[in-house]
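Chemist: Here you go, protein.tsv (TSV, C-alpha atoms):
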chain	number	residue	atom	x	y	z
A	2	ALA	CA	20.77	-19.08	101.99
A	3	MET	CA	22.48	-15.71	102.20
A	4	ALA	CA	25.70	-17.23	100.95
A	5	THR	CA	23.91	-18.59	97.85
A	6	ASP	CA	22.43	-15.16	96.93
A	7	SER	CA	25.80	-13.47	97.21
A	8	ASN	CA	27.32	-16.04	94.93
A	9	ASN	CA	24.61	-15.55	92.18
A	10	THR	CA	24.77	-11.73	92.10
A	11	PRO	CA	28.00	-11.43	90.06
A	12	SER	CA	26.66	-13.96	87.55
A	13	LEU	CA	23.44	-11.94	86.95
A	14	ARG	CA	25.42	-8.78	86.46
A	15	GLN	CA	27.63	-10.43	83.86
A	16	GLU	CA	24.56	-11.62	81.93
A	17	GLU	CA	23.04	-8.11	81.98
A	18	LYS	CA	26.28	-6.65	80.66
A	19	ALA	CA	26.39	-9.25	77.86
A	20	ASP	CA	22.78	-8.46	76.85
A	21	ARG	CA	23.49	-4.76	76.75
A	22	SER	CA	26.59	-5.36	74.63
A	23	LEU	CA	24.57	-7.48	72.19
A	24	ILE	CA	21.88	-4.83	71.88
A	25	VAL	CA	24.47	-2.10	71.31
A	26	THR	CA	26.25	-4.26	68.72
A	27	MET	CA	22.98	-4.95	66.86
A	28	ALA	CA	22.09	-1.26	66.89
A	29	ILE	CA	25.49	-0.35	65.50
A	30	VAL	CA	25.22	-3.00	62.77
A	31	THR	CA	21.73	-1.80	61.85
A	32	MET	CA	22.90	1.80	61.62
A	33	VAL	CA	25.88	0.80	59.46
A	34	VAL	CA	23.66	-1.23	57.10
A	35	ALA	CA	21.15	1.65	56.84
A	36	LEU	CA	23.97	4.12	56.22
A	37	VAL	CA	25.46	1.91	53.47
A	38	ALA	CA	22.01	1.50	51.87
A	39	ILE	CA	21.43	5.26	51.88
A	40	ILE	CA	24.86	5.96	50.40
A	41	GLY	CA	24.34	3.26	47.74
A	42	PHE	CA	20.94	4.62	46.82
A	43	CYS	CA	22.34	8.13	46.44
A	44	LEU	CA	25.25	6.96	44.33
A	45	MET	CA	23.22	4.51	42.23
A	46	ASP	CA	22.83	5.58	38.59
A	47	LYS	CA	19.30	6.02	37.43
A	48	PRO	CA	18.37	3.69	34.57
A	49	GLU	CA	18.44	5.34	31.20
A	50	GLU	CA	15.04	6.19	29.78
A	51	PHE	CA	14.67	5.32	26.14
A	52	ILE	CA	11.91	5.41	23.54
A	53	GLU	CA	11.43	2.75	20.90
A	54	GLY	CA	10.18	3.48	17.39
A	55	GLN	CA	10.62	2.07	13.92
A	56	VAL	CA	11.75	2.83	10.40
A	57	GLU	CA	9.05	3.61	7.82
A	58	GLY	CA	9.07	3.80	4.01
A	59	THR	CA	6.84	4.81	1.07
A	60	ASN	CA	4.87	1.95	-0.51
A	61	ILE	CA	3.30	2.05	-3.97
A	62	ARG	CA	0.50	-0.33	-4.96
A	63	ILE	CA	0.97	-1.57	-8.53
A	64	SER	CA	-2.38	-2.07	-10.31
A	65	GLY	CA	-3.85	-1.58	-13.78
A	66	LYS	CA	-7.06	-0.99	-15.77
A	67	LEU	CA	-7.01	-4.31	-17.64
A	68	PRO	CA	-9.15	-7.11	-16.19
A	69	GLY	CA	-7.77	-10.52	-17.05
A	70	ARG	CA	-5.52	-13.36	-15.99
A	71	VAL	CA	-1.96	-12.98	-14.63
A	72	ALA	CA	0.13	-14.51	-17.41
A	73	GLU	CA	3.70	-13.98	-16.20
A	74	PHE	CA	5.73	-12.26	-13.51
A	75	TYR	CA	9.10	-10.77	-14.45
A	76	VAL	CA	10.17	-10.05	-10.86
A	77	GLU	CA	10.14	-11.76	-7.48
A	78	GLU	CA	9.69	-10.47	-3.96
A	79	GLY	CA	12.88	-8.77	-2.81
A	80	ASP	CA	14.08	-7.83	-6.32
A	81	ALA	CA	15.46	-4.32	-6.86
A	82	VAL	CA	13.87	-2.57	-9.85
A	83	HIS	CA	14.28	0.72	-11.69
A	84	ALA	CA	11.60	3.05	-13.01
A	85	GLY	CA	10.22	1.67	-16.28
A	86	ASP	CA	11.15	-1.98	-15.64
A	87	THR	CA	8.43	-4.44	-16.73
A	88	LEU	CA	6.93	-6.20	-13.72
A	89	VAL	CA	4.05	-8.40	-14.89
A	90	ARG	CA	1.98	-9.30	-17.96
A	91	ILE	CA	-1.81	-9.65	-17.82
A	92	HIS	CA	-3.66	-11.49	-20.59
A	93	SER	CA	-7.27	-10.71	-21.56
A	94	SER	CA	-8.65	-12.61	-24.55
A	95	VAL	CA	-11.86	-10.56	-24.48
A	96	VAL	CA	-10.11	-7.19	-24.77
A	97	GLU	CA	-7.77	-8.50	-27.48
A	98	ALA	CA	-10.82	-9.68	-29.44
A	99	GLN	CA	-12.33	-6.23	-28.99
A	100	LEU	CA	-9.17	-4.69	-30.41
A	101	MET	CA	-9.30	-6.93	-33.48
A	102	GLN	CA	-12.93	-5.97	-33.95
A	103	ALA	CA	-12.21	-2.28	-33.57
A	104	GLU	CA	-9.29	-2.43	-36.02
A	105	ALA	CA	-11.44	-4.25	-38.55
A	106	MET	CA	-14.12	-1.59	-38.29
A	107	GLN	CA	-11.47	1.10	-38.63
A	108	GLU	CA	-10.22	-0.48	-41.86
A	109	VAL	CA	-13.80	-0.72	-43.17
A	110	ALA	CA	-14.39	2.95	-42.37
A	111	ARG	CA	-11.18	3.99	-44.12
A	112	SER	CA	-11.97	1.88	-47.16
A	113	GLN	CA	-15.43	3.37	-47.48
A	114	ASP	CA	-14.03	6.86	-47.06
A	115	ARG	CA	-11.58	6.29	-49.92
A	116	LYS	CA	-14.26	5.00	-52.25
A	117	VAL	CA	-17.08	7.36	-51.39
A	118	ASP	CA	-15.93	9.99	-53.90
A	119	ARG	CA	-15.76	7.46	-56.76
A	120	GLY	CA	-19.44	6.77	-56.78
A	121	THR	CA	-21.26	3.80	-55.42
A	122	ARG	CA	-20.90	0.66	-57.47
A	123	VAL	CA	-23.02	-2.41	-57.11
A	124	GLN	CA	-20.05	-4.32	-55.73
A	125	ILE	CA	-19.49	-1.64	-53.06
A	126	VAL	CA	-23.11	-1.75	-52.02
A	127	GLN	CA	-23.03	-5.53	-51.89
A	128	GLY	CA	-19.78	-5.50	-49.94
A	129	ALA	CA	-21.20	-3.05	-47.41
A	130	TYR	CA	-24.28	-5.19	-47.08
A	131	ASP	CA	-22.20	-8.31	-46.49
A	132	LEU	CA	-20.16	-6.57	-43.80
A	133	TRP	CA	-23.36	-5.44	-42.16
A	134	GLN	CA	-24.76	-8.95	-42.17
A	135	GLN	CA	-21.48	-10.29	-40.77
A	136	ALA	CA	-21.52	-7.74	-37.97
A	137	LYS	CA	-25.19	-8.48	-37.37
A	138	ALA	CA	-24.45	-12.20	-37.02
A	139	ALA	CA	-21.63	-11.45	-34.61
A	140	ALA	CA	-23.98	-9.31	-32.50
A	141	THR	CA	-26.51	-12.15	-32.42
A	142	ILE	CA	-23.90	-14.66	-31.24
A	143	THR	CA	-22.50	-12.38	-28.56
A	144	LYS	CA	-26.06	-11.60	-27.41
A	145	LYS	CA	-26.75	-15.30	-26.91
A	146	THR	CA	-23.45	-15.69	-25.06
A	147	TYR	CA	-24.25	-12.75	-22.80
A	148	ASP	CA	-27.76	-14.07	-22.07
A	149	ARG	CA	-26.28	-17.45	-21.14
A	150	MET	CA	-23.69	-15.82	-18.89
A	151	GLU	CA	-26.40	-13.72	-17.25
A	152	ARG	CA	-28.43	-16.83	-16.42
A	153	LEU	CA	-25.40	-18.63	-15.04
A	154	TYR	CA	-24.48	-15.57	-12.98
A	155	ALA	CA	-28.00	-15.40	-11.56
A	156	GLU	CA	-27.71	-19.08	-10.60
A	157	GLY	CA	-24.37	-18.42	-8.89
A	158	VAL	CA	-22.40	-20.62	-11.28
A	159	MET	CA	-20.59	-17.86	-13.19
A	160	THR	CA	-18.45	-15.06	-11.75
A	161	GLU	CA	-19.39	-11.41	-12.13
A	162	GLN	CA	-16.21	-10.72	-14.11
A	163	LYS	CA	-17.06	-13.34	-16.75
A	164	ARG	CA	-20.57	-11.88	-17.04
A	165	ASP	CA	-19.11	-8.39	-17.47
A	166	GLU	CA	-16.66	-9.60	-20.13
A	167	ALA	CA	-19.53	-11.14	-22.11
A	168	LYS	CA	-21.49	-7.90	-21.80
A	169	ALA	CA	-18.52	-5.89	-23.07
A	170	ALA	CA	-18.16	-8.22	-26.06
A	171	TYR	CA	-21.86	-7.88	-26.83
A	172	ASP	CA	-21.73	-4.07	-26.62
A	173	ALA	CA	-18.75	-4.01	-28.97
A	174	ALA	CA	-20.57	-6.26	-31.45
A	175	VAL	CA	-23.67	-4.03	-31.39
A	176	ALA	CA	-21.49	-0.99	-32.04
A	177	ALA	CA	-19.82	-2.78	-34.94
A	178	GLU	CA	-23.22	-3.72	-36.38
A	179	ASN	CA	-24.42	-0.12	-36.19
A	180	ALA	CA	-21.26	1.10	-37.88
A	181	ALA	CA	-21.61	-1.49	-40.66
A	182	ARG	CA	-25.27	-0.57	-41.14
A	183	SER	CA	-24.29	3.08	-41.47
A	184	GLN	CA	-21.72	2.17	-44.13
A	185	TYR	CA	-24.30	0.16	-46.01
A	186	ASP	CA	-26.78	3.03	-45.93
A	187	LEU	CA	-24.05	5.36	-47.11
A	188	ALA	CA	-23.20	3.09	-50.04
A	189	LYS	CA	-26.84	2.93	-51.12
A	190	SER	CA	-27.44	6.68	-50.95
A	191	GLY	CA	-24.39	7.72	-52.98
A	192	ALA	CA	-21.57	10.16	-52.38
A	193	GLN	CA	-23.16	13.47	-51.49
A	194	LYS	CA	-21.44	16.15	-49.44
A	195	GLU	CA	-23.12	14.87	-46.33
A	196	ASP	CA	-22.02	11.36	-47.26
A	197	ARG	CA	-18.37	12.42	-47.42
A	198	GLN	CA	-18.69	14.11	-44.04
A	199	SER	CA	-20.36	11.04	-42.63
A	200	ALA	CA	-17.60	8.77	-43.98
A	201	ALA	CA	-14.93	10.97	-42.43
A	202	ALA	CA	-16.80	10.96	-39.13
A	203	MET	CA	-17.01	7.17	-39.24
A	204	VAL	CA	-13.25	6.97	-39.71
A	205	GLN	CA	-12.75	9.18	-36.68
A	206	ALA	CA	-15.20	7.16	-34.62
A	207	ALA	CA	-13.55	3.89	-35.61
A	208	THR	CA	-10.11	5.31	-34.83
A	209	GLY	CA	-11.35	6.45	-31.43
A	210	GLY	CA	-12.63	2.95	-30.74
A	211	VAL	CA	-9.26	1.45	-31.57
A	212	GLU	CA	-7.44	3.95	-29.37
A	213	GLN	CA	-9.80	3.29	-26.49
A	214	VAL	CA	-9.17	-0.45	-26.55
A	215	GLN	CA	-5.42	0.11	-27.03
A	216	ALA	CA	-5.38	2.33	-23.95
A	217	VAL	CA	-6.79	-0.54	-21.89
A	218	LEU	CA	-4.42	-3.06	-23.45
A	219	ALA	CA	-1.48	-0.80	-22.62
A	220	ASP	CA	-1.87	-2.05	-19.03
A	221	ALA	CA	-1.25	-5.62	-20.16
A	222	TYR	CA	2.38	-4.92	-19.22
A	223	LEU	CA	2.71	-3.11	-15.89
A	224	THR	CA	5.96	-1.24	-15.25
A	225	ALA	CA	7.65	0.16	-12.16
A	226	PRO	CA	6.76	3.85	-11.56
A	227	ALA	CA	9.93	4.46	-9.52
A	228	ASP	CA	13.15	2.88	-8.30
A	229	GLY	CA	12.66	0.52	-5.38
A	230	THR	CA	12.26	-3.02	-4.11
A	231	ILE	CA	9.41	-5.45	-4.70
A	232	ASP	CA	8.03	-5.82	-1.19
A	233	GLN	CA	5.08	-8.16	-1.74
A	234	ILE	CA	3.29	-9.90	-4.63
A	235	TYR	CA	-0.39	-10.67	-4.04
A	236	PRO	CA	-1.80	-12.98	-6.79
A	237	GLU	CA	-0.26	-16.12	-8.22
A	238	THR	CA	0.37	-16.77	-11.91
A	239	GLY	CA	-2.89	-17.80	-13.56
A	240	GLU	CA	-5.19	-15.98	-11.14
A	241	LEU	CA	-7.87	-13.59	-12.41
A	242	VAL	CA	-7.57	-9.92	-11.48
A	243	GLY	CA	-10.08	-7.14	-11.95
A	244	THR	CA	-9.73	-3.47	-12.83
A	245	GLY	CA	-7.67	-1.70	-10.17
A	246	THR	CA	-6.80	-4.91	-8.29
A	247	PRO	CA	-3.42	-4.53	-6.50
A	248	ILE	CA	-0.87	-6.84	-8.13
A	249	MET	CA	2.19	-6.08	-6.03
A	250	ASN	CA	3.69	-3.63	-3.57
A	251	LEU	CA	6.75	-1.49	-4.46
A	252	LEU	CA	8.89	-0.03	-1.68
A	253	LYS	CA	10.47	3.21	-2.94
A	254	ALA	CA	14.23	3.40	-2.62
A	255	ASP	CA	14.52	7.11	-1.81
A	256	LYS	CA	12.00	7.44	1.03
A	257	ARG	CA	13.00	6.43	4.57
A	258	TRP	CA	12.09	8.00	7.89
A	259	ILE	CA	11.74	7.04	11.54
A	260	THR	CA	8.68	7.48	13.74
A	261	PHE	CA	8.11	7.22	17.51
A	262	ASN	CA	5.63	8.51	20.09
A	263	VAL	CA	6.38	10.69	23.13
A	264	ARG	CA	4.48	12.32	25.95
A	265	GLU	CA	4.01	16.05	25.62
A	266	GLU	CA	6.40	16.96	28.47
A	267	MET	CA	9.27	15.77	26.23
A	268	LEU	CA	8.44	18.20	23.43
A	269	ASN	CA	10.61	20.88	24.98
A	270	ASP	CA	13.65	18.83	23.88
A	271	LEU	CA	12.14	17.72	20.55
A	272	ARG	CA	11.35	20.58	18.20
A	273	MET	CA	10.92	20.98	14.46
A	274	GLY	CA	14.30	20.98	12.74
A	275	ASP	CA	16.18	19.51	15.74
A	276	LYS	CA	18.77	16.88	14.94
A	277	ILE	CA	18.70	13.81	17.17
A	278	LYS	CA	20.68	10.58	17.20
A	279	VAL	CA	18.96	7.21	17.31
A	280	MET	CA	20.33	3.68	17.56
A	281	VAL	CA	19.38	0.92	15.10
A	282	PRO	CA	19.78	-2.53	16.72
A	283	ALA	CA	19.45	-4.34	13.37
A	284	LEU	CA	22.52	-2.52	12.00
A	285	GLY	CA	24.84	-3.59	14.81
A	286	LYS	CA	23.53	-0.91	17.20
A	287	LYS	CA	24.66	1.76	14.77
A	288	GLU	CA	23.85	5.36	15.69
A	289	ILE	CA	22.43	7.55	12.92
A	290	GLU	CA	21.65	11.24	12.87
A	291	THR	CA	18.12	12.31	11.96
A	292	GLU	CA	16.29	15.62	11.60
A	293	ILE	CA	12.76	16.13	12.96
A	294	TYR	CA	10.32	17.30	10.28
A	295	TYR	CA	6.91	16.28	11.66
A	296	ILE	CA	5.18	16.62	15.05
A	297	ARG	CA	1.50	15.77	15.42
A	298	ASN	CA	-0.91	15.34	18.31
A	299	MET	CA	-2.31	11.80	18.18
A	300	GLY	CA	-5.65	12.78	19.71
A	301	SER	CA	-7.55	12.00	22.87
A	302	TYR	CA	-7.41	8.24	22.30
A	303	ALA	CA	-3.65	8.33	23.03
A	304	THR	CA	-3.83	10.57	26.12
A	305	TRP	CA	-2.08	9.39	29.30
A	306	ARG	CA	-4.70	9.75	32.06
A	307	ALA	CA	-3.65	10.92	35.55
A	308	THR	CA	-4.24	8.32	38.29
A	309	LYS	CA	-4.51	10.97	41.04
A	310	THR	CA	-7.12	13.68	41.35
A	311	THR	CA	-4.53	16.15	42.69
A	312	GLY	CA	-0.86	16.68	42.06
A	313	SER	CA	-0.92	15.26	38.53
A	314	TRP	CA	-2.45	15.95	35.11
A	315	ASP	CA	-3.31	14.25	31.85
A	316	SER	CA	-0.53	14.08	29.27
A	317	ARG	CA	-1.13	13.93	25.53
A	318	THR	CA	0.87	11.77	23.15
A	319	PHE	CA	2.60	13.23	20.10
A	320	GLU	CA	3.94	11.44	17.04
A	321	ILE	CA	7.46	12.41	15.95
A	322	LYS	CA	8.90	11.78	12.48
A	323	ALA	CA	12.52	12.39	11.48
A	324	ARG	CA	14.57	11.80	8.32
A	325	PRO	CA	18.17	10.56	8.28
A	326	THR	CA	20.50	13.43	7.44
A	327	GLU	CA	22.44	11.13	5.09
A	328	GLU	CA	21.83	7.84	3.33
A	329	VAL	CA	22.16	4.77	5.57
A	330	ASP	CA	23.02	1.47	3.90
A	331	GLY	CA	20.79	-1.41	4.93
A	332	LEU	CA	18.13	0.75	6.60
A	333	ARG	CA	14.80	-0.95	5.87
A	334	PRO	CA	11.19	-0.26	6.92
A	335	GLY	CA	10.13	-2.22	9.97
A	336	MET	CA	13.51	-2.00	11.75
A	337	SER	CA	13.38	-0.85	15.36
A	338	ILE	CA	15.08	2.36	16.50
A	339	ILE	CA	16.01	3.42	20.03
A	340	TYR	CA	16.06	7.07	21.15
A	341	ASN	CA	17.73	7.85	24.49
A	342	LYS	CA	16.37	10.92	26.19
Translate this file's structure into structure tokens.
Modeler:
Amino acid sequence: AMATDSNNTPSLRQEEKADRSLIVTMAIVTMVVALVAIIGFCLMDKPEEFIEGQVEGTNIRISGKLPGRVAEFYVEEGDAVHAGDTLVRIHSSVVEAQLMQAEAMQEVARSQDRKVDRGTRVQIVQGAYDLWQQAKAAATITKKTYDRMERLYAEGVMTEQKRDEAKAAYDAAVAAENAARSQYDLAKSGAQKEDRQSAAAMVQAATGGVEQVQAVLADAYLTAPADGTIDQIYPETGELVGTGTPIMNLLKADKRWITFNVREEMLNDLRMGDKIKVMVPALGKKEIETEIYYIRNMGSYATWRATKTTGSWDSRTFEIKARPTEEVDGLRPGMSIIYNK
């Protein structure tokens, strides 16, 4: 038995030495890996922080005073236009009829004014009476039309615009009847001083009526108020549009700027008048120079709230706007911009 123990002792010692060597090797490897990781972390570049924004532009809504039907478009979406170019024509049969009526009454008023100093002949009186009766008949017809439209509107069959057009035609007919009645009364009473003044006043009133209708009809052709691009057209040809209804959207050619939002701790590097460079991915990652002209606090709704009760604070968000320092070809609203801090 003693011989067996003496033979096993060297073997146990060799195993202990091997275990210690393995432990030492593992410790050395662990230290080397940790050291490499620490060195790599120290030498690793921090990722660049960037802020994304977008290009903005000035939009103009094209609309007019004339209610009617879109007759024809002279432009399409995406077309470049210049100030004064005709964009669309709107047709309104009711307003055109009102203009014819107003011009007829203007001619009647002028005719009566020319003849008032010559005395009132039987033919003049009869003619004035006939015009009055004609205007009276027109008022009766338009009144019936308006009453019918009012009933249909109350039943939900007729649109409000059609009812309003019938009312406008009726009002114009009543005014024409009153003017014709005044001319008839003037013809019967003779050409006194007051009569001459009244005739002149009627001419002025009739002229004012014509000019009023012409002012509305002037919006039958809508023109571009500035140079730009047609961004969007809302109605289709043949659709009805009311007074002030937007017809299309014009993107002005001379107004471009960029906008992005930042936390308030960045404002130290972004001040009014500073020139910064931004990258536009849509233009082949082209860098453009811009000048800051607008900084505004976006309010409490855009405040970054601190997640810790100590060691941190709330941070407000500010909106930054900047204009390109020179014209950039192809720069369009909606394009993204990248600002590297």
Chemist: Would you kindly return, as a PDB file with C-alpha atoms, in the coordinates of the input, each protein, DNA or RNA residue with an atom no farther than 10 Å from any atom of Asn250 (chain A), considering all atoms listed in the file and excluding same-chain residues fewer than 3 positions away?
Modeler:
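Output file selection15.pdb is given in full below:
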ATOM      1  CA  ASN A  60       4.870   1.950  -0.510  1.00  0.00           C
ATOM      2  CA  ILE A  61       3.300   2.050  -3.970  1.00  0.00           C
ATOM      3  CA  ARG A  62       0.500  -0.330  -4.960  1.00  0.00           C
ATOM      4  CA  ILE A  63       0.970  -1.570  -8.530  1.00  0.00           C
ATOM      5  CA  SER A  64      -2.380  -2.070 -10.310  1.00  0.00           C
ATOM      6  CA  GLU A  78       9.690 -10.470  -3.960  1.00  0.00           C
ATOM      7  CA  THR A 230      12.260  -3.020  -4.110  1.00  0.00           C
ATOM      8  CA  ILE A 231       9.410  -5.450  -4.700  1.00  0.00           C
ATOM      9  CA  ASP A 232       8.030  -5.820  -1.190  1.00  0.00           C
ATOM     10  CA  GLN A 233       5.080  -8.160  -1.740  1.00  0.00           C
ATOM     11  CA  ILE A 234       3.290  -9.900  -4.630  1.00  0.00           C
ATOM     12  CA  TYR A 235      -0.390 -10.670  -4.040  1.00  0.00           C
ATOM     13  CA  PRO A 247      -3.420  -4.530  -6.500  1.00  0.00           C
ATOM     14  CA  LYS A 253      10.470   3.210  -2.940  1.00  0.00           C
TER      15      LYS A 253
END
Chemist: Residues at most 12 Å from Thr260 (chain A), counting only C-alpha atoms, excluding those fewer than 2 positions away in the same chain, as an NGL selection string?
Modeler: :A and (52-58 or 257-258 or 262-263 or 279 or 291-297 or 319-325 or 334-340)
Chemist: Filtering to C-alpha atoms, could you give me those residues as a PDB file, in the coordinates of the input?
Modeler:
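Saved the output as part32.pdb:
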ATOM      1  CA  ILE A  52      11.910   5.410  23.540  1.00  0.00           C
ATOM      2  CA  GLU A  53      11.430   2.750  20.900  1.00  0.00           C
ATOM      3  CA  GLY A  54      10.180   3.480  17.390  1.00  0.00           C
ATOM      4  CA  GLN A  55      10.620   2.070  13.920  1.00  0.00           C
ATOM      5  CA  VAL A  56      11.750   2.830  10.400  1.00  0.00           C
ATOM      6  CA  GLU A  57       9.050   3.610   7.820  1.00  0.00           C
ATOM      7  CA  GLY A  58       9.070   3.800   4.010  1.00  0.00           C
ATOM      8  CA  ARG A 257      13.000   6.430   4.570  1.00  0.00           C
ATOM      9  CA  TRP A 258      12.090   8.000   7.890  1.00  0.00           C
ATOM     10  CA  ASN A 262       5.630   8.510  20.090  1.00  0.00           C
ATOM     11  CA  VAL A 263       6.380  10.690  23.130  1.00  0.00           C
ATOM     12  CA  VAL A 279      18.960   7.210  17.310  1.00  0.00           C
ATOM     13  CA  THR A 291      18.120  12.310  11.960  1.00  0.00           C
ATOM     14  CA  GLU A 292      16.290  15.620  11.600  1.00  0.00           C
ATOM     15  CA  ILE A 293      12.760  16.130  12.960  1.00  0.00           C
ATOM     16  CA  TYR A 294      10.320  17.300  10.280  1.00  0.00           C
ATOM     17  CA  TYR A 295       6.910  16.280  11.660  1.00  0.00           C
ATOM     18  CA  ILE A 296       5.180  16.620  15.050  1.00  0.00           C
ATOM     19  CA  ARG A 297       1.500  15.770  15.420  1.00  0.00           C
ATOM     20  CA  PHE A 319       2.600  13.230  20.100  1.00  0.00           C
ATOM     21  CA  GLU A 320       3.940  11.440  17.040  1.00  0.00           C
ATOM     22  CA  ILE A 321       7.460  12.410  15.950  1.00  0.00           C
ATOM     23  CA  LYS A 322       8.900  11.780  12.480  1.00  0.00           C
ATOM     24  CA  ALA A 323      12.520  12.390  11.480  1.00  0.00           C
ATOM     25  CA  ARG A 324      14.570  11.800   8.320  1.00  0.00           C
ATOM     26  CA  PRO A 325      18.170  10.560   8.280  1.00  0.00           C
ATOM     27  CA  PRO A 334      11.190  -0.260   6.920  1.00  0.00           C
ATOM     28  CA  GLY A 335      10.130  -2.220   9.970  1.00  0.00           C
ATOM     29  CA  MET A 336      13.510  -2.000  11.750  1.00  0.00           C
ATOM     30  CA  SER A 337      13.380  -0.850  15.360  1.00  0.00           C
ATOM     31  CA  ILE A 338      15.080   2.360  16.500  1.00  0.00           C
ATOM     32  CA  ILE A 339      16.010   3.420  20.030  1.00  0.00           C
ATOM     33  CA  TYR A 340      16.060   7.070  21.150  1.00  0.00           C
TER      34      TYR A 340
END
Chemist: With distances taken over all atoms listed in the file, which of A:Val33, A:Leu88, A:Ala169, A:Ala174 is nearest to Gln102 (chain A)?
Modeler: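 Checking each of A:Val33, A:Leu88, A:Ala169, A:Ala174 against Gln102 (chain A), counting all atoms listed in the file, the winner is A:Ala174.
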Chemist: Under the rule that only C-alpha atoms are counted, which of A:Ala105, A:Leu23, A:Ala167, A:Ala129 is the nearest residue to Arg182 (chain A)?
Modeler: A:Ala129
Chemist: Expressed in Å to a single decimal, how great is the separation between CA of Tyr171 (chain A) and CA of Trp133 (chain A)?
Modeler: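 Straight-line distance from CA of Tyr171 (chain A) to CA of Trp133 (chain A) works out to 15.6 Å.
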Chemist: Quick one: pull the distance between CA of Glu237 (chain A) and CA of Arg90 (chain A), Å, one decimal.
Modeler: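 Distance between the two atoms: 12.1 Å.
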Chemist: So how far away is CA of Asp220 (chain A) from CA of Ala84 (chain A), in Å?
Modeler: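 Computing it gives 15.6 Å between the two atoms.
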Chemist: Just add all heavy atoms to region 227-232 of chain A and send it as a compact mmCIF listing (two decimals), in the coordinates of the input.
Modeler:
# COMPACT_ATOMS: atom_id res chain seq x y z
N ALA A 227 8.77 3.83 -10.18
CA ALA A 227 9.93 4.46 -9.52
C ALA A 227 10.93 3.37 -9.15
O ALA A 227 10.63 2.18 -9.20
CB ALA A 227 9.47 5.22 -8.27
N ASP A 228 12.14 3.81 -8.79
CA ASP A 228 13.15 2.88 -8.30
C ASP A 228 12.72 2.34 -6.93
O ASP A 228 12.14 3.08 -6.13
CB ASP A 228 14.51 3.56 -8.17
CG ASP A 228 15.08 3.98 -9.51
OD1 ASP A 228 14.51 3.57 -10.54
OD2 ASP A 228 16.09 4.71 -9.53
N GLY A 229 13.01 1.07 -6.68
CA GLY A 229 12.66 0.52 -5.38
C GLY A 229 12.85 -0.97 -5.32
O GLY A 229 13.55 -1.57 -6.14
N THR A 230 12.18 -1.58 -4.34
CA THR A 230 12.26 -3.02 -4.11
C THR A 230 10.86 -3.61 -4.08
O THR A 230 9.95 -3.01 -3.50
CB THR A 230 12.96 -3.31 -2.77
OG1 THR A 230 14.25 -2.69 -2.75
CG2 THR A 230 13.13 -4.81 -2.55
N ILE A 231 10.70 -4.77 -4.72
CA ILE A 231 9.41 -5.45 -4.70
C ILE A 231 9.21 -6.01 -3.30
O ILE A 231 9.91 -6.93 -2.87
CB ILE A 231 9.34 -6.57 -5.75
CG1 ILE A 231 9.59 -5.99 -7.15
CG2 ILE A 231 7.99 -7.26 -5.70
CD1 ILE A 231 8.62 -4.92 -7.57
N ASP A 232 8.24 -5.45 -2.59
CA ASP A 232 8.03 -5.82 -1.19
C ASP A 232 7.11 -7.03 -1.05
O ASP A 232 7.35 -7.91 -0.24
CB ASP A 232 7.45 -4.63 -0.43
CG ASP A 232 7.28 -4.91 1.04
OD1 ASP A 232 8.25 -5.34 1.68
OD2 ASP A 232 6.16 -4.72 1.56
